[in-house]
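Asks: I'd like to ask you about the structure that follows.
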Amino acid sequence: MVTPESRASELLLEIYRRLYALYGPQHWWPGESPFEVVVGAILTQAAAWSNVEKAIANLRNEGLLNPQGLLSVPVDRLSQLVYPSGYFNAKARKLKAFVEHLYLVYGGELDRLFAQPVADLRRDLLSIHGIGPETADSIILYAAAKPSFVVDAYTRRILSRLGLIAADASYDQVQALFMAHLPAEAALFNEYHALLVRLGKETCRRRPLCAACPLLPICPTGRALPPPP
Ligand code: SF4
């Protein structure tokens, strides 16, 4: 951690206020039901969202976008249906692993899975084949509507440039920073993550466009760069 603990909370809230003031609400996550959000969280691993939407549409058109449907469909057929999202054989196995766990432990009921405290739910999700920390946190935040901050490559890049984390910080270290220094509110975590993604895509790119960035006054990296010609 680069920033003293006492400043982290203040800085994280300042970042949020600046991004929200510029971009406004981002209206994430797309999904018609919690189960669809779970499926999307698994399929979006290393995939563009537009391709995930095609795979989800295939499942919906076949009447399979529900726990019973995914449990009963043969894995080969499932692979064909999720083909647009890439890594289709691996993702079909991951979807199968999720619904098999859901039936084995929770009788196929998402509500029972999601009824657990966040820490228990996270531990349980991480025990399932194919669910890593980012997918688990996405499921908890966007499908269960519980506060578990989602960290991605944009988050790491922005926070590293802001001096809030070391460049080689682990997923869990970055996530712990948000969990320890923000109010535990799902709506705040949801909006915050979406705002960071927007900044990472539009401004804090690999080659950052600092002159247009709302975080420039509080960003040591941006302020150290020479002004554009
Ligand atoms: S000022 Fe530049 S480096 Fe800092 S967050 Fe903004 S775009 Fe990224």
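Following the order of the structure tokens, chains are lettered A, B, ..., residues in each are numbered from 1, and ligands are numbered from 1.
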Please identify the alpha helix (DSSP H) residues within segment 27-191 of chain A (assignment by DSSP from backbone atoms) and present them as a PyMOL selection string.

Replies: chain A and resi 34-43+49-61+67-72+75-81+88-106+110-114+118-126+133-138+153-161+171-181+186-191

Asks: Produce as number ranges by chain the set of residues near ligand 1, where near means within 7 Å with only C-alpha atoms and all ligand atoms considered.

Replies: A: 158, 161-162, 203-205, 208-210, 213-216, 219-223

Asks: Once you have the residues from the selection above, write them out as a CSV table (one decimal), in the first residue's frame, restricted to N, CA, C and O atoms.

Replies:
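Listed below is the output, result_31.csv:
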```csv
chain,number,residue,atom,x,y,z
A,158,ILE,N,-5.9,2.1,-12.7
A,158,ILE,CA,-6.2,3.4,-12.2
A,158,ILE,C,-5.7,3.6,-10.8
A,158,ILE,O,-5.0,4.6,-10.4
A,161,ARG,N,-1.9,4.0,-10.7
A,161,ARG,CA,-1.5,5.3,-11.1
A,161,ARG,C,-1.8,6.4,-10.1
A,161,ARG,O,-1.1,7.4,-10.0
A,162,LEU,N,-2.9,6.2,-9.3
A,162,LEU,CA,-3.2,7.1,-8.3
A,162,LEU,C,-2.4,7.0,-7.0
A,162,LEU,O,-2.5,7.8,-6.1
A,203,THR,N,-10.4,7.2,-20.7
A,203,THR,CA,-9.4,8.2,-20.4
A,203,THR,C,-8.1,7.6,-19.8
A,203,THR,O,-7.0,7.9,-20.3
A,204,CYS,N,-8.3,6.8,-18.7
A,204,CYS,CA,-7.1,6.2,-18.2
A,204,CYS,C,-6.7,4.9,-18.9
A,204,CYS,O,-6.7,3.8,-18.4
A,205,ARG,N,-6.4,5.1,-20.2
A,205,ARG,CA,-6.1,4.0,-21.1
A,205,ARG,C,-4.6,3.6,-20.9
A,205,ARG,O,-3.9,4.2,-20.0
A,208,PRO,N,-2.5,7.1,-21.1
A,208,PRO,CA,-3.6,7.9,-20.5
A,208,PRO,C,-3.8,9.3,-21.1
A,208,PRO,O,-2.8,9.9,-21.5
A,209,LEU,N,-5.1,9.7,-21.1
A,209,LEU,CA,-5.4,11.1,-21.6
A,209,LEU,C,-5.6,12.0,-20.4
A,209,LEU,O,-6.7,12.4,-20.1
A,210,CYS,N,-4.5,12.3,-19.7
A,210,CYS,CA,-4.7,12.9,-18.4
A,210,CYS,C,-5.3,14.3,-18.4
A,210,CYS,O,-6.0,14.7,-17.5
A,213,CYS,N,-8.9,14.2,-17.7
A,213,CYS,CA,-9.3,13.3,-16.6
A,213,CYS,C,-9.7,14.1,-15.4
A,213,CYS,O,-9.0,15.0,-14.9
A,214,PRO,N,-10.9,13.7,-14.8
A,214,PRO,CA,-11.4,14.4,-13.6
A,214,PRO,C,-10.5,14.1,-12.4
A,214,PRO,O,-10.7,14.8,-11.4
A,215,LEU,N,-9.7,13.1,-12.5
A,215,LEU,CA,-8.8,12.8,-11.3
A,215,LEU,C,-7.5,13.4,-11.3
A,215,LEU,O,-6.6,13.2,-10.4
A,216,LEU,N,-7.2,14.2,-12.4
A,216,LEU,CA,-5.9,14.8,-12.5
A,216,LEU,C,-5.4,15.6,-11.3
A,216,LEU,O,-4.3,15.4,-10.9
A,219,CYS,N,-4.0,13.0,-8.9
A,219,CYS,CA,-3.3,11.9,-9.4
A,219,CYS,C,-1.8,12.2,-9.6
A,219,CYS,O,-1.4,13.0,-10.4
A,220,PRO,N,-0.9,11.6,-8.8
A,220,PRO,CA,0.5,11.8,-8.9
A,220,PRO,C,1.1,11.5,-10.3
A,220,PRO,O,2.0,12.2,-10.8
A,221,THR,N,0.6,10.4,-10.9
A,221,THR,CA,1.1,10.0,-12.2
A,221,THR,C,0.7,11.1,-13.3
A,221,THR,O,1.5,11.5,-14.1
A,222,GLY,N,-0.6,11.5,-13.3
A,222,GLY,CA,-1.0,12.5,-14.2
A,222,GLY,C,-0.3,13.8,-14.0
A,222,GLY,O,0.1,14.5,-15.0
A,223,ARG,N,-0.1,14.2,-12.8
A,223,ARG,CA,0.6,15.5,-12.6
A,223,ARG,C,2.1,15.5,-12.9
A,223,ARG,O,2.7,16.5,-13.1
```

Asks: Hey, can you check how far atom CA of Gln116 of chain A sits from atom CA of Ala143 of chain A?

Replies: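 It comes out at 13.3 Å.
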
Asks: Using only C-alpha atoms, pick whichever of A:Lys146, A:His101, A:His193, A:Arg7 has the shortest atom-to-atom distance to Asp124 of chain A.

Replies: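 Using only C-alpha atoms, the shortest distance to Asp124 of chain A belongs to A:His101.
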